[in-house]
$ cat work30.cif   # mmCIF, C-alpha atoms
data_query
#
loop_
_atom_site.label_atom_id
_atom_site.label_comp_id
_atom_site.auth_asym_id
_atom_site.auth_seq_id
_atom_site.Cartn_x
_atom_site.Cartn_y
_atom_site.Cartn_z
CA MET A 1 -9.26 -28.51 -33.51
CA ASN A 2 -6.49 -26.57 -31.78
CA ILE A 3 -3.40 -27.38 -33.84
CA GLU A 4 -1.04 -25.74 -31.33
CA LYS A 5 -2.20 -28.06 -28.54
CA LEU A 6 -1.87 -31.03 -30.86
CA ALA A 7 1.64 -29.98 -31.89
CA LYS A 8 2.60 -29.52 -28.24
CA ARG A 9 1.40 -33.02 -27.45
CA LEU A 10 3.09 -34.69 -30.44
CA LYS A 11 6.41 -32.77 -30.06
CA GLU A 12 7.63 -33.97 -33.51
CA PHE A 13 5.44 -34.73 -36.53
CA THR A 14 5.13 -34.52 -40.30
CA LEU A 15 2.48 -32.58 -42.17
CA ASP A 16 0.73 -35.80 -43.18
CA GLU A 17 0.65 -37.08 -39.59
CA ILE A 18 -0.89 -33.95 -38.12
CA GLU A 19 -3.43 -33.65 -40.95
CA MET A 20 -4.43 -37.27 -40.46
CA ILE A 21 -4.92 -36.78 -36.70
CA ALA A 22 -6.64 -33.40 -37.00
CA GLU A 23 -8.67 -34.50 -40.02
CA CYS A 24 -8.28 -31.09 -41.67
CA ASP A 25 -5.87 -29.00 -43.73
CA CYS A 26 -3.35 -27.61 -41.24
CA LYS A 27 -0.93 -25.76 -43.54
CA THR A 28 -2.09 -22.23 -42.71
CA GLU A 29 -2.14 -22.87 -38.97
CA LEU A 30 1.31 -24.46 -39.09
CA GLU A 31 2.61 -21.44 -41.01
CA HIS A 32 1.15 -19.22 -38.31
CA LEU A 33 2.93 -21.28 -35.61
CA LEU A 34 6.17 -21.11 -37.63
CA ASN A 35 5.89 -17.32 -37.88
CA ASN A 36 5.34 -17.06 -34.11
CA ASN A 37 8.38 -19.30 -33.43
CA LYS A 38 6.27 -21.93 -31.68
CA ILE A 39 7.34 -24.72 -34.03
CA LEU A 40 10.44 -25.38 -36.11
CA PHE A 41 10.59 -27.05 -39.51
CA ASP A 42 13.67 -29.21 -40.16
CA LYS A 43 14.10 -32.03 -42.74
CA GLU A 44 10.38 -32.50 -43.44
CA ILE A 45 9.64 -32.71 -39.68
CA TYR A 46 7.91 -30.10 -37.56
CA LYS A 47 9.15 -29.77 -33.98
CA TYR A 48 7.27 -28.01 -31.22
CA ILE A 49 9.39 -25.51 -29.26
CA GLU A 50 8.70 -25.57 -25.53
CA GLU A 51 8.38 -22.17 -23.91
CA ARG A 52 10.78 -21.74 -21.06
CA LYS A 53 9.89 -19.22 -18.46
CA ASN A 54 12.80 -17.30 -17.07
CA ILE A 55 12.62 -17.33 -13.31
CA ASP A 56 14.79 -14.79 -11.62
CA TYR A 57 16.00 -15.12 -8.05
CA THR A 58 17.41 -12.67 -5.58
CA ILE A 59 19.67 -13.29 -2.63
CA ILE A 60 18.60 -11.55 0.58
CA THR A 61 20.83 -11.49 3.61
CA ALA A 62 20.62 -10.10 7.10
CA ASN A 63 23.27 -7.55 6.13
CA ILE A 64 20.48 -5.39 4.71
CA PHE A 65 20.20 -3.72 8.09
CA ASN A 66 23.91 -4.03 8.95
CA ASN A 67 23.13 -6.36 11.87
CA GLN A 68 21.42 -3.53 13.76
CA SER A 69 18.45 -4.08 16.00
CA LEU A 70 15.39 -3.95 13.81
CA ASP A 71 12.44 -2.02 15.19
CA PHE A 72 8.98 -3.41 14.48
CA GLY A 73 7.86 -0.52 12.26
CA SER A 74 10.88 -0.93 9.95
CA ALA A 75 10.27 -4.68 9.77
CA VAL A 76 6.65 -4.11 8.74
CA LYS A 77 7.66 -1.56 6.11
CA TYR A 78 10.33 -3.92 4.74
CA PHE A 79 7.88 -6.86 4.69
CA LEU A 80 5.19 -4.86 2.88
CA GLU A 81 7.56 -3.45 0.25
CA ASN A 82 9.70 -6.51 -0.41
CA TYR A 83 7.25 -9.34 0.08
CA ALA A 84 3.60 -8.32 0.00
CA LYS A 85 3.85 -5.75 -2.80
CA GLN A 86 5.80 -8.14 -5.05
CA ASN A 87 4.00 -11.42 -4.31
CA CYS A 88 0.40 -10.47 -3.56
CA THR A 89 -2.47 -8.94 -5.47
CA LYS A 90 -3.14 -5.24 -4.96
CA ARG A 91 -6.20 -6.01 -2.84
CA THR A 92 -4.28 -8.42 -0.59
CA TYR A 93 -1.47 -5.89 -0.24
CA GLU A 94 -3.97 -3.22 0.84
CA THR A 95 -5.52 -5.65 3.34
CA TYR A 96 -2.09 -6.49 4.80
CA LYS A 97 -1.27 -2.79 5.07
CA SER A 98 -4.57 -2.10 6.82
CA ILE A 99 -4.18 -4.96 9.31
CA PHE A 100 -0.69 -3.79 10.24
CA ARG A 101 -1.69 -0.12 10.49
CA VAL A 102 -4.89 -0.59 12.50
CA ASN A 103 -4.36 -3.73 14.58
CA ILE A 104 -0.71 -4.68 14.92
CA LEU A 105 1.49 -1.56 14.78
CA PRO A 106 -0.23 0.32 17.64
CA PHE A 107 0.61 -2.52 20.02
CA PHE A 108 4.15 -3.36 18.84
CA ARG A 109 5.34 0.16 17.87
CA GLY A 110 8.75 0.87 19.38
CA LYS A 111 9.57 -2.78 20.09
CA ILE A 112 12.64 -4.48 18.65
CA ILE A 113 11.60 -7.44 16.49
CA GLN A 114 14.32 -9.68 17.95
CA ASP A 115 12.96 -9.07 21.48
CA ILE A 116 9.35 -10.11 20.86
CA THR A 117 8.41 -13.04 23.08
CA ILE A 118 5.49 -15.42 23.44
CA GLU A 119 4.30 -13.32 26.38
CA ASP A 120 4.08 -10.30 24.03
CA ILE A 121 2.02 -12.37 21.58
CA GLU A 122 -0.31 -13.54 24.36
CA GLU A 123 -0.71 -9.96 25.62
CA PHE A 124 -1.44 -8.82 22.06
CA TYR A 125 -4.08 -11.55 21.72
CA LYS A 126 -5.75 -10.42 24.96
CA THR A 127 -5.71 -6.81 23.75
CA CYS A 128 -7.35 -7.83 20.46
CA LYS A 129 -10.02 -9.78 22.36
CA THR A 130 -10.84 -6.75 24.54
CA ARG A 131 -11.18 -4.61 21.38
CA ASN A 132 -13.93 -7.02 20.24
CA LEU A 133 -12.38 -7.77 16.85
CA GLY A 134 -14.48 -10.12 14.77
CA VAL A 135 -13.44 -13.75 14.70
CA ARG A 136 -12.19 -13.55 11.13
CA ARG A 137 -10.32 -10.25 11.68
CA LEU A 138 -8.70 -11.63 14.83
CA LYS A 139 -7.51 -14.75 12.99
CA ASN A 140 -6.21 -12.68 10.07
CA THR A 141 -4.41 -10.29 12.42
CA LEU A 142 -2.65 -13.09 14.30
CA THR A 143 -1.83 -14.90 11.06
CA GLN A 144 -0.39 -11.68 9.63
CA LEU A 145 1.78 -11.14 12.69
CA ASN A 146 2.98 -14.74 12.46
CA GLN A 147 3.78 -14.30 8.77
CA LEU A 148 5.86 -11.19 9.49
CA LEU A 149 7.82 -12.92 12.25
CA LYS A 150 8.39 -15.98 10.08
CA TYR A 151 9.57 -13.76 7.19
CA CYS A 152 12.05 -11.99 9.47
CA ARG A 153 13.31 -15.33 10.83
CA ASN A 154 13.79 -16.73 7.31
CA LEU A 155 15.83 -13.68 6.30
CA GLY A 156 17.97 -13.98 9.41
CA LEU A 157 16.76 -10.60 10.65
CA ALA A 158 15.35 -12.05 13.85
CA SER A 159 16.94 -15.33 14.82
CA ASN A 160 15.41 -15.66 18.26
CA CYS A 161 11.89 -14.55 17.35
CA CYS A 162 9.09 -16.55 18.96
CA TYR A 163 7.18 -19.32 17.20
CA PHE A 164 3.42 -19.67 17.37
CA GLN A 165 0.53 -21.08 15.37
CA VAL A 166 -2.94 -19.79 14.76
CA ARG A 167 -5.61 -22.48 14.98
CA ARG A 168 -9.33 -22.29 15.42
CA LEU A 169 -10.65 -24.25 18.37
CA THR A 170 -13.81 -26.13 17.48
CA ASP A 171 -15.95 -29.00 18.65
CA LYS A 172 -16.53 -30.21 15.09
CA ASN A 173 -14.23 -33.20 15.42
CA LYS A 174 -15.12 -34.03 18.99
CA PHE A 175 -16.70 -37.47 19.36
CA SER A 176 -19.97 -37.65 21.24
CA LEU A 177 -23.15 -39.73 21.22
CA ASP A 178 -25.09 -36.72 19.90
CA ARG A 179 -23.23 -37.03 16.62
CA ILE A 180 -24.23 -40.64 16.02
CA ILE A 181 -27.41 -41.26 14.10
CA PHE A 182 -29.18 -44.45 15.03
CA GLU A 183 -31.48 -46.11 12.56
CA GLU A 184 -34.78 -47.37 13.85
#
$ encode --input "work30.cif" --output "structure tokens"
Amino acid sequence: MNIEKLAKRLKEFTLDEIEMIAECDCKTELEHLLNNNKILFDKEIYKYIEERKNIDYTIITANIFNNQSLDFGSAVKYFLENYAKQNCTKRTYETYKSIFRVNILPFFRGKIIQDITIEDIEEFYKTCKTRNLGVRRLKNTLTQLNQLLKYCRNLGLASNCCYFQVRRLTDKNKFSLDRIIFEE
């Protein structure tokens, strides 16, 4: 039996209580937990010490770029370094980097992130369609662009950036007689 899990569940217990529940001699395992500072012994009572994870926060403001117009390339670089690299796996980070480099940056290079409009997004979508990107790559590219714009909006770097959603159009949920099975 895992004595540490039992101790965590009981929170406070005596040696007799835990031995009765575990149905074994727990002294050596309790000593091990004491040595690792996972339990505390006080007045004949063992107490489990909860681990507290330290979560650190950072404050990010739009002053990072001194309220200058932010070009698209700088926004991508900032997003990759300060979001993707810190919050994603290495493989996901490499995928993000590739999608930006190959699909998104060639179209938006030189544009100011605050000036991107829905018309630009629609034109980008048409360009991707003419390049014959696969369905999955097209969805991932548009989702990645949306994530970048949302990130910039949340930081206050691009307050009047456009909003859009990426959804797959399908007939799966469409009601028709073909989808009804009649029993004979």
$ residues_around --input "work30.cif" --residues "region 8-13 of chain A" --least-positions-apart "4" --cutoff "9 Å" --atoms "all atoms listed in the file" --output "ChimeraX atom specification"
/A:3-4,17-18,39,44-50
$ closest_residue --input "work30.cif" --among "A:Leu34, A:Leu80, A:Ala22, A:Cys128" --to "Leu148 (chain A)" --atoms "all atoms listed in the file"
A:Leu80
$ atom_distance --input "work30.cif" --atom1 "CA of Tyr125 (chain A)" --atom2 "CA of Arg101 (chain A)"
16.2 Å
$ closest_residue --input "work30.cif" --among "A:Lys27, A:Arg153, A:Lys43, A:Arg137" --to "Ser98 (chain A)" --atoms "all atoms listed in the file"
A:Arg137
$ closest_residue --input "work30.cif" --among "A:Ile113, A:Ile118, A:Thr95, A:Lys90" --to "Thr141 (chain A)" --atoms "all atoms listed in the file"
A:Thr95
$ resolve_selection --input "work30.cif" --expression "the PyMOL selection byres ((chain A and resi 26) around 12)" --output "PyMOL selection string"
chain A and resi 1-4+6-7+14-25+27-33
$ residues_around --input "work30.cif" --residues "Thr117 (chain A)" --least-positions-apart "4" --cutoff "12 Å" --atoms "all atoms listed in the file" --output "PDB file with C-alpha atoms, keeping the file's coordinate frame"
ATOM      1  CA  PHE A 108       4.150  -3.360  18.840  1.00  0.00           C
ATOM      2  CA  LYS A 111       9.570  -2.780  20.090  1.00  0.00           C
ATOM      3  CA  ILE A 112      12.640  -4.480  18.650  1.00  0.00           C
ATOM      4  CA  ILE A 113      11.600  -7.440  16.490  1.00  0.00           C
ATOM      5  CA  ILE A 121       2.020 -12.370  21.580  1.00  0.00           C
ATOM      6  CA  GLU A 122      -0.310 -13.540  24.360  1.00  0.00           C
ATOM      7  CA  GLU A 123      -0.710  -9.960  25.620  1.00  0.00           C
ATOM      8  CA  PHE A 124      -1.440  -8.820  22.060  1.00  0.00           C
ATOM      9  CA  LEU A 149       7.820 -12.920  12.250  1.00  0.00           C
ATOM     10  CA  ALA A 158      15.350 -12.050  13.850  1.00  0.00           C
ATOM     11  CA  ASN A 160      15.410 -15.660  18.260  1.00  0.00           C
ATOM     12  CA  CYS A 161      11.890 -14.550  17.350  1.00  0.00           C
ATOM     13  CA  CYS A 162       9.090 -16.550  18.960  1.00  0.00           C
ATOM     14  CA  TYR A 163       7.180 -19.320  17.200  1.00  0.00           C
ATOM     15  CA  PHE A 164       3.420 -19.670  17.370  1.00  0.00           C
TER      16      PHE A 164
END
$ atom_distance --input "work30.cif" --atom1 "CA of Gly156 (chain A)" --atom2 "CA of Gln114 (chain A)"
10.2 Å
